[in-house]
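Printed here is protein.cif (mmCIF, C-alpha atoms):
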```
data_entry
#
loop_
_atom_site.label_atom_id
_atom_site.label_comp_id
_atom_site.auth_asym_id
_atom_site.auth_seq_id
_atom_site.Cartn_x
_atom_site.Cartn_y
_atom_site.Cartn_z
CA MET A 1 -5.08 -6.53 -6.67
CA ASP A 2 -8.54 -7.85 -7.44
CA GLU A 3 -9.08 -8.12 -11.23
CA ALA A 4 -12.16 -5.89 -11.08
CA PHE A 5 -10.04 -2.93 -9.99
CA ILE A 6 -7.62 -0.74 -11.91
CA PRO A 7 -4.66 1.28 -10.57
CA PHE A 8 -5.64 4.65 -9.22
CA SER A 9 -3.44 6.47 -11.75
CA ALA A 10 -5.08 4.62 -14.65
CA MET A 11 -8.53 5.65 -13.49
CA LEU A 12 -7.59 9.32 -13.15
CA ALA A 13 -5.92 9.30 -16.57
CA LYS A 14 -8.98 7.67 -18.15
CA ILE A 15 -11.34 10.22 -16.61
CA ALA A 16 -9.16 13.11 -17.74
CA ALA A 17 -8.85 11.75 -21.29
CA PHE A 18 -11.83 13.39 -22.92
CA GLU A 19 -11.80 15.91 -25.76
CA GLY A 20 -12.61 19.26 -24.23
CA GLU A 21 -13.29 21.08 -27.48
CA ILE A 22 -16.82 21.96 -28.60
CA TYR A 23 -17.09 23.17 -32.21
CA ASP A 24 -20.10 24.83 -33.71
CA GLU A 25 -19.75 24.26 -37.48
CA GLU A 26 -22.48 26.67 -38.45
CA SER A 27 -21.08 29.67 -36.64
CA GLY A 28 -17.47 28.42 -36.78
CA VAL A 29 -16.97 28.95 -33.06
CA HIS A 30 -14.67 26.78 -30.96
CA SER A 31 -15.31 26.48 -27.22
CA TYR A 32 -13.02 24.81 -24.74
CA ILE A 33 -13.57 23.32 -21.32
CA ASN A 34 -10.72 24.83 -19.32
CA ARG A 35 -11.43 23.20 -15.98
CA PHE A 36 -13.49 20.34 -14.65
CA GLU A 37 -14.25 18.87 -11.25
CA ILE A 38 -15.38 15.33 -10.62
CA ASP A 39 -16.88 13.92 -7.45
CA THR A 40 -17.63 10.23 -7.70
CA PRO A 41 -18.29 7.30 -5.39
CA VAL A 42 -15.77 4.52 -5.86
CA GLU A 43 -14.97 1.07 -4.58
CA ILE A 44 -11.44 0.74 -3.31
CA ASN A 45 -9.18 -2.27 -2.99
CA ILE A 46 -5.98 -1.83 -1.00
CA VAL A 47 -3.47 -4.68 -0.98
CA ARG A 48 0.26 -5.04 -0.47
CA ASP A 49 2.58 -6.56 -3.07
CA GLU A 50 5.35 -9.05 -2.23
CA ASN A 51 7.66 -6.15 -1.27
CA GLY A 52 5.14 -4.69 1.17
CA LYS A 53 4.32 -1.77 -1.11
CA ILE A 54 0.70 -0.62 -1.04
CA LEU A 55 -1.24 -1.09 -4.28
CA LEU A 56 -4.25 1.13 -4.65
CA GLY A 57 -7.04 -0.26 -6.81
CA VAL A 58 -10.08 1.86 -7.61
CA ILE A 59 -13.24 1.35 -9.65
CA PRO A 60 -16.48 3.32 -9.97
CA PRO A 61 -19.49 1.40 -8.54
CA LEU A 62 -19.57 -1.93 -10.38
CA TYR A 63 -23.16 -3.05 -9.92
CA ARG A 64 -26.42 -1.17 -9.87
CA VAL A 65 -28.44 -3.85 -8.11
CA ASP A 66 -29.60 -4.23 -4.53
CA THR A 67 -27.69 -6.93 -2.74
CA THR A 68 -27.85 -8.24 0.81
CA PHE A 69 -24.43 -6.76 1.54
CA GLU A 70 -24.00 -3.34 0.02
CA PRO A 71 -20.50 -2.40 -1.14
CA SER A 72 -18.77 0.30 0.87
CA TYR A 73 -18.62 3.38 -1.30
CA HIS A 74 -15.73 5.73 -0.78
CA ALA A 75 -15.48 9.02 -2.66
CA ILE A 76 -12.97 10.74 -4.88
CA ARG A 77 -13.02 14.40 -5.81
CA PHE A 78 -10.55 15.97 -8.15
CA SER A 79 -10.19 18.96 -10.36
CA ALA A 80 -8.14 19.29 -13.53
CA ASP A 81 -7.10 22.35 -15.48
CA ILE A 82 -6.39 22.62 -19.17
CA SER A 83 -2.67 22.25 -19.89
CA GLU A 84 -0.79 25.35 -21.00
CA SER A 85 0.75 23.50 -23.96
CA MET B 1 -9.23 -10.43 -2.36
CA GLU B 2 -9.51 -8.88 1.09
CA ASN B 3 -8.27 -5.41 1.83
CA THR B 4 -5.10 -5.26 3.90
CA ALA B 5 -4.32 -2.91 6.76
CA TRP B 6 -2.18 0.11 5.96
CA ASN B 7 -0.64 3.02 7.78
CA LEU B 8 -1.17 6.55 6.63
CA GLU B 9 2.44 7.14 5.58
CA ASP B 10 2.52 4.12 3.23
CA PHE B 11 -0.86 5.01 1.85
CA VAL B 12 0.05 8.63 1.09
CA ASP B 13 3.34 7.49 -0.49
CA SER B 14 1.40 5.16 -2.76
CA LEU B 15 -1.16 7.85 -3.56
CA VAL B 16 1.55 10.35 -4.50
CA VAL B 17 3.23 7.79 -6.79
CA GLU B 18 -0.12 7.14 -8.49
CA LEU B 19 -0.71 10.88 -8.95
CA ASP B 20 2.77 11.30 -10.44
CA LYS B 21 2.03 8.49 -12.88
CA THR B 22 -1.20 10.24 -13.89
CA ARG B 23 0.63 13.51 -14.48
CA GLU B 24 3.31 11.74 -16.54
CA THR B 25 0.67 9.98 -18.66
CA LEU B 26 -1.19 13.22 -19.28
CA SER B 27 1.97 15.18 -20.06
CA ILE B 28 3.04 12.57 -22.65
CA LYS B 29 -0.40 12.83 -24.19
CA ALA B 30 -0.05 16.63 -24.27
CA ILE B 31 2.83 16.31 -26.75
CA ASN B 32 0.48 15.21 -29.54
CA LYS B 33 -2.89 16.40 -28.30
CA PRO B 34 -3.21 20.15 -27.93
CA LEU B 35 -6.07 19.85 -25.45
CA THR B 36 -5.21 17.91 -22.33
CA TYR B 37 -5.80 18.39 -18.64
CA THR B 38 -3.57 18.44 -15.61
CA VAL B 39 -4.86 17.09 -12.32
CA LYS B 40 -4.62 19.94 -9.83
CA ASP B 41 -6.38 19.07 -6.57
CA MET B 42 -7.50 15.71 -5.35
CA ALA B 43 -9.40 14.46 -2.33
CA MET B 44 -10.53 11.04 -1.18
CA ASP B 45 -13.16 10.14 1.41
CA LEU B 46 -12.40 6.70 2.75
CA ASN B 47 -14.62 4.54 4.92
CA ILE B 48 -12.16 2.94 7.27
CA PHE B 49 -11.78 1.10 10.54
CA PRO B 50 -8.77 2.28 12.54
CA THR B 51 -6.83 -0.15 14.72
CA PHE B 52 -4.10 0.48 17.27
CA ASP B 53 -1.67 -2.35 17.97
CA GLY B 54 0.05 -0.55 20.84
CA ASP B 55 2.66 0.90 18.55
CA GLN B 56 1.10 2.01 15.30
CA ILE B 57 -2.29 3.20 14.15
CA LYS B 58 -3.36 1.30 11.05
CA PHE B 59 -6.45 1.51 8.91
CA ILE B 60 -8.43 -1.03 6.97
CA THR B 61 -10.98 0.02 4.38
CA ALA B 62 -14.54 -1.11 5.01
CA GLN B 63 -15.63 -4.30 3.25
CA PRO B 64 -19.10 -4.80 1.71
CA GLY B 65 -21.80 -5.00 4.35
CA GLN B 66 -19.66 -3.52 7.12
CA GLN B 67 -21.42 -0.73 8.97
CA GLY B 68 -20.15 1.93 11.35
CA ALA B 69 -16.91 2.76 9.56
CA SER B 70 -15.14 6.04 10.23
CA LYS B 71 -14.59 8.49 7.43
CA VAL B 72 -11.13 9.82 6.65
CA THR B 73 -10.69 12.58 4.10
CA ILE B 74 -7.32 12.93 2.44
CA GLN B 75 -6.85 16.07 0.45
CA LEU B 76 -3.87 16.64 -1.81
CA GLY B 77 -3.29 20.15 -3.06
CA SER B 78 -0.63 21.30 -5.46
CA ILE B 79 2.14 23.78 -4.73
CA THR B 80 5.12 25.05 -6.67
CA ASP B 81 8.76 23.96 -6.24
CA GLN B 82 9.54 27.34 -4.71
CA GLN B 83 6.83 26.88 -2.08
CA VAL B 84 8.23 23.44 -1.24
CA ARG B 85 11.70 24.94 -0.78
CA ALA B 86 10.29 27.73 1.39
CA THR B 87 8.42 25.39 3.71
CA SER B 88 10.73 22.36 3.89
CA LYS B 89 13.87 21.91 5.88
CA THR B 90 16.45 20.22 3.72
CA LEU B 91 19.56 18.51 5.02
CA GLN B 92 22.45 20.96 4.87
CA LYS B 93 25.61 19.97 3.00
CA ASP B 94 27.64 19.20 6.13
CA ASP B 95 24.76 17.82 8.21
CA VAL B 96 24.44 14.09 8.99
CA SER B 97 21.20 12.18 8.75
CA ILE B 98 20.19 9.82 11.58
CA SER B 99 19.87 7.10 8.93
CA GLU B 100 23.64 7.28 8.30
CA ILE B 101 24.51 5.85 11.71
CA GLU B 102 23.88 2.45 13.20
CA VAL B 103 20.95 2.89 15.56
CA ASP B 104 18.21 0.41 16.26
CA LYS B 105 14.81 0.93 14.68
CA ASP B 106 13.11 1.81 17.99
CA THR B 107 15.57 4.65 18.63
CA GLN B 108 15.14 5.90 15.07
CA LYS B 109 11.39 5.83 15.52
CA GLN B 110 11.57 7.68 18.84
CA LEU B 111 13.80 10.36 17.33
CA ARG B 112 11.54 10.74 14.33
CA LYS B 113 8.52 11.18 16.60
CA MET B 114 10.38 14.07 18.22
CA GLY B 115 11.21 15.59 14.84
CA VAL B 116 14.89 14.69 15.09
CA ASN B 117 16.21 13.59 11.70
CA SER B 118 19.75 14.87 11.70
CA PHE B 119 22.77 15.92 13.73
CA ASP B 120 21.74 19.58 13.52
CA ASP B 121 18.30 18.75 14.95
CA LEU B 122 19.90 16.93 17.88
CA GLU B 123 22.41 19.73 18.43
CA GLN B 124 19.62 22.31 18.56
CA ILE B 125 17.96 20.30 21.33
CA GLU B 126 21.29 20.09 23.17
CA ASN B 127 21.78 23.86 22.87
CA LYS B 128 18.41 24.44 24.53
CA ASN B 129 19.40 22.22 27.48
CA VAL B 130 16.53 19.82 26.90
CA ASN B 131 16.88 16.43 28.56
CA ILE B 132 15.80 14.30 25.65
CA GLU B 133 15.44 11.15 27.75
CA LYS B 134 13.10 12.80 30.26
CA ALA B 135 11.22 14.73 27.58
CA SER B 136 10.52 11.62 25.52
CA GLY B 137 10.02 9.30 28.48
CA THR B 138 12.20 6.70 26.77
CA LYS B 139 15.59 5.23 27.39
CA LEU B 140 17.81 6.86 24.86
CA ASN B 141 21.58 6.89 25.04
CA TYR B 142 21.80 10.50 24.02
CA ASN B 143 25.58 10.94 24.41
CA LYS B 144 26.33 7.77 22.47
CA LEU B 145 24.05 8.93 19.70
CA LEU B 146 25.60 12.38 19.57
CA ASN B 147 29.10 10.86 19.47
CA GLN B 148 28.13 8.54 16.61
CA LEU B 149 26.77 11.48 14.64
CA LYS B 150 29.83 13.62 15.36
CA LYS B 151 32.06 10.76 14.20
CA VAL B 152 30.17 10.41 10.90
CA LYS B 153 30.19 14.19 10.47
CA ARG B 154 33.97 14.24 11.00
CA ASN B 155 34.45 11.32 8.60
CA ASN B 156 32.62 13.33 5.97
CA ASN B 157 35.15 16.15 6.46
CA PRO B 158 38.42 14.29 7.12
CA PRO B 159 41.63 16.20 7.89
CA VAL B 160 44.04 16.62 4.98
CA VAL B 161 47.72 17.41 5.64
CA LYS B 162 49.38 19.19 2.74
CA SER B 163 52.73 20.23 4.23
CA VAL B 164 54.85 20.20 7.40
CA SER B 165 57.59 22.80 7.81
CA LEU B 166 60.05 23.86 10.48
CA SER B 167 60.11 27.59 11.37
CA LEU B 168 61.20 29.97 14.08
CA GLU B 169 58.97 32.11 16.28
CA GLU B 170 59.83 35.78 16.87
CA ASP B 171 61.56 34.76 20.09
CA LYS B 172 63.65 32.27 18.05
CA THR B 173 61.80 29.23 19.45
CA PRO B 174 61.51 26.52 16.80
CA TYR B 175 58.05 25.28 15.85
CA LEU B 176 56.48 22.83 13.43
CA SER B 177 53.82 24.19 11.15
CA VAL B 178 51.36 21.57 9.89
CA LYS B 179 49.27 22.97 7.05
CA GLY B 180 46.24 21.49 5.29
CA ASN B 181 42.46 21.41 5.35
CA ASN B 182 39.92 20.52 8.08
CA LEU B 183 42.62 20.37 10.75
CA GLY B 184 41.58 22.20 13.93
CA VAL B 185 37.86 22.37 13.19
CA ASN B 186 36.59 21.83 16.74
CA LYS B 187 36.76 25.18 18.53
CA LEU B 188 36.14 23.56 21.90
CA PHE B 189 39.04 21.13 21.58
CA ARG B 190 42.72 22.11 21.56
CA PRO B 191 44.67 19.59 19.43
CA VAL B 192 47.19 17.44 21.28
CA ALA B 193 50.59 16.76 19.70
CA VAL B 194 52.99 13.97 20.64
CA LEU B 195 56.36 14.23 18.93
CA ASN B 196 58.81 11.37 19.36
CA GLU B 197 56.74 10.06 22.28
CA SER B 198 56.93 13.37 24.15
CA LEU B 199 54.09 15.81 24.57
CA ALA B 200 54.58 19.01 22.56
CA GLU B 201 52.72 22.27 23.10
CA VAL B 202 50.21 23.32 20.45
CA THR B 203 50.52 27.10 20.33
CA GLY B 204 48.02 27.82 17.60
CA HIS B 205 45.34 25.96 15.71
CA ASN B 206 42.73 26.60 13.09
CA SER B 207 41.21 24.73 10.19
CA ASN B 208 44.27 25.25 7.97
CA GLU B 209 47.22 25.23 10.33
CA ILE B 210 48.50 23.66 13.57
CA LYS B 211 51.54 25.21 15.25
CA ILE B 212 53.59 22.97 17.55
CA ARG B 213 56.39 24.42 19.77
CA LEU B 214 59.48 22.25 19.87
CA THR B 215 61.69 21.68 22.91
CA ASN B 216 64.75 19.59 23.61
CA GLN B 217 62.49 16.89 25.06
CA ASN B 218 61.18 16.19 21.58
CA ASN B 219 64.58 14.86 20.46
CA ILE B 220 64.36 16.05 16.87
CA SER B 221 66.29 13.76 14.54
CA ALA B 222 66.28 12.89 10.84
CA ASN B 223 63.06 10.87 11.22
CA ASN B 224 60.42 12.04 13.67
CA GLU B 225 57.08 10.53 14.58
CA LEU B 226 54.29 13.04 15.07
CA VAL B 227 50.90 11.95 16.42
CA LEU B 228 48.35 14.72 16.26
CA THR B 229 44.98 14.33 17.96
CA LEU B 230 42.94 17.03 16.25
CA ASP B 231 39.69 16.23 18.08
CA PRO B 232 38.09 13.10 19.60
CA TYR B 233 37.27 11.82 16.11
CA ALA B 234 40.42 12.62 14.13
CA ILE B 235 43.97 11.43 14.82
CA VAL B 236 46.77 12.00 12.33
CA LYS B 237 50.06 10.11 12.43
CA LEU B 238 52.95 11.60 10.44
CA ASN B 239 56.57 10.71 9.80
CA VAL B 240 58.40 14.03 9.63
CA LYS B 241 61.81 14.03 7.98
CA VAL B 242 64.12 16.91 8.81
#
```
Represent the structure from my file as structure tokens, please.
Amino acid sequence: MDEAFIPFSAMLAKIAAFEGEIYDEESGVHSYINRFEIDTPVEINIVRDENGKILLGVIPPLYRVDTTFEPSYHAIRFSADISES
Amino acid sequence: MENTAWNLEDFVDSLVVELDKTRETLSIKAINKPLTYTVKDMAMDLNIFPTFDGDQIKFITAQPGQQGASKVTIQLGSITDQQVRATSKTLQKDDVSISEIEVDKDTQKQLRKMGVNSFDDLEQIENKNVNIEKASGTKLNYNKLLNQLKKVKRNNNPPVVKSVSLSLEEDKTPYLSVKGNNLGVNKLFRPVAVLNESLAEVTGHNSNEIKIRLTNQNNISANNELVLTLDPYAIVKLNVKV
């Protein structure tokens, strides 16, 4: 896989790794984000390893500059719910 | 590094593995962090170019600067274990998978295209009098395939002889009673018994017992050789001492 890309699972885990608690110290109120949805353009790199298994590399758009050849942007949408635990 | 061509099955397999990894990572994190999230639904829009090599449809993701790509949307939802059980056909305990027999890859592929993955699937087609060769438009040795599957199925349930005894019928005719498990399992086939190289009449048969009528032609002695053909896939040879 190209070094600029990360495994698909790693990207999803990184996106879902934020603290969803909002605390208002003055009023002492805790608020929680119980669900979020993300829709993002991504660049995708699909290669096969030596065993023929498909490796799926993903990265959000790398560069914000106009180039002669524009990257092909694919899209990922996913939703995540707060865990019961 | 250039993208490589992939088929949908491999791609979805890889995607599912990646999603499982994400869920595992997040569930481990949930042990220490009270607030974590579980990925529920996921969709991908891919810009791809499909190709057909005469056998398989493959896709290659668009490279920078490539215009005119098709868009494929893959959407993965989440369902419960119970829903999976309710909507999937699992291999029954005594069924035989096509992958357990020696068939060439082309035949396996043809069968899979027709939704045939096991002996039961093939038997259902047979019961509906469908000519699988004509229906698929391919040369498929259907009978050979069915025989191979029946053989494997029989091997998975081999006959077991537990006892052989000599008894008398009500009309005082002597008979041999062979008892055990998985003996006369094929209802369409009457077992054939050869005792001391002479054919003997099988008067009764079921899964647990075979009854063989004895006559003078069987030359019963101290040591007797009994060859019992239970069905085309199971032959039992016994040395019966009287």
What residues in chain B have any atom no more than 7 Å from chain A when counting all atoms listed in the file, and can you write them as a PyMOL selection string?
-> chain B and resi 1+3-4+10-11+14+18-19+21-22+25-26+30+34-47+62-65
Report the centre and edge lengths, in Å to one decimal, of an axis-aligned box enclosing every atom of segment 30-41 of chain A listed in the file, padded by 6 Å on each side, as lines of an AutoDock Vina configuration file.
```
center_x = -14.5
center_y = 17.0
center_z = -18.2
size_x = 19.6
size_y = 31.5
size_z = 37.6
```
Extract, using only C-alpha atoms, all DNA, RNA and protein residues at most 9 Å from Ser99 of chain B, discarding same-chain residues fewer than 3 positions from it, and format them as a ChimeraX atom specification.
-> /B:96,102-103,108,117-118
Atom CA of Phe189 of chain B and atom CA of Leu176 of chain B are how many Å apart?
->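 Between atom CA of Phe189 of chain B and atom CA of Leu176 of chain B the gap works out to 19.3 Å.
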Enter the distance from atom CA of Thr107 of chain B to atom CA of Val185 of chain B, in Å, rounded to one decimal.
->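 Here the two named atoms are 29.0 Å from each other.
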What is the distance, in Å and to one decimal place, between atom CA of Asp49 of chain A and atom CA of Tyr63 of chain A?
-> 26.9 Å
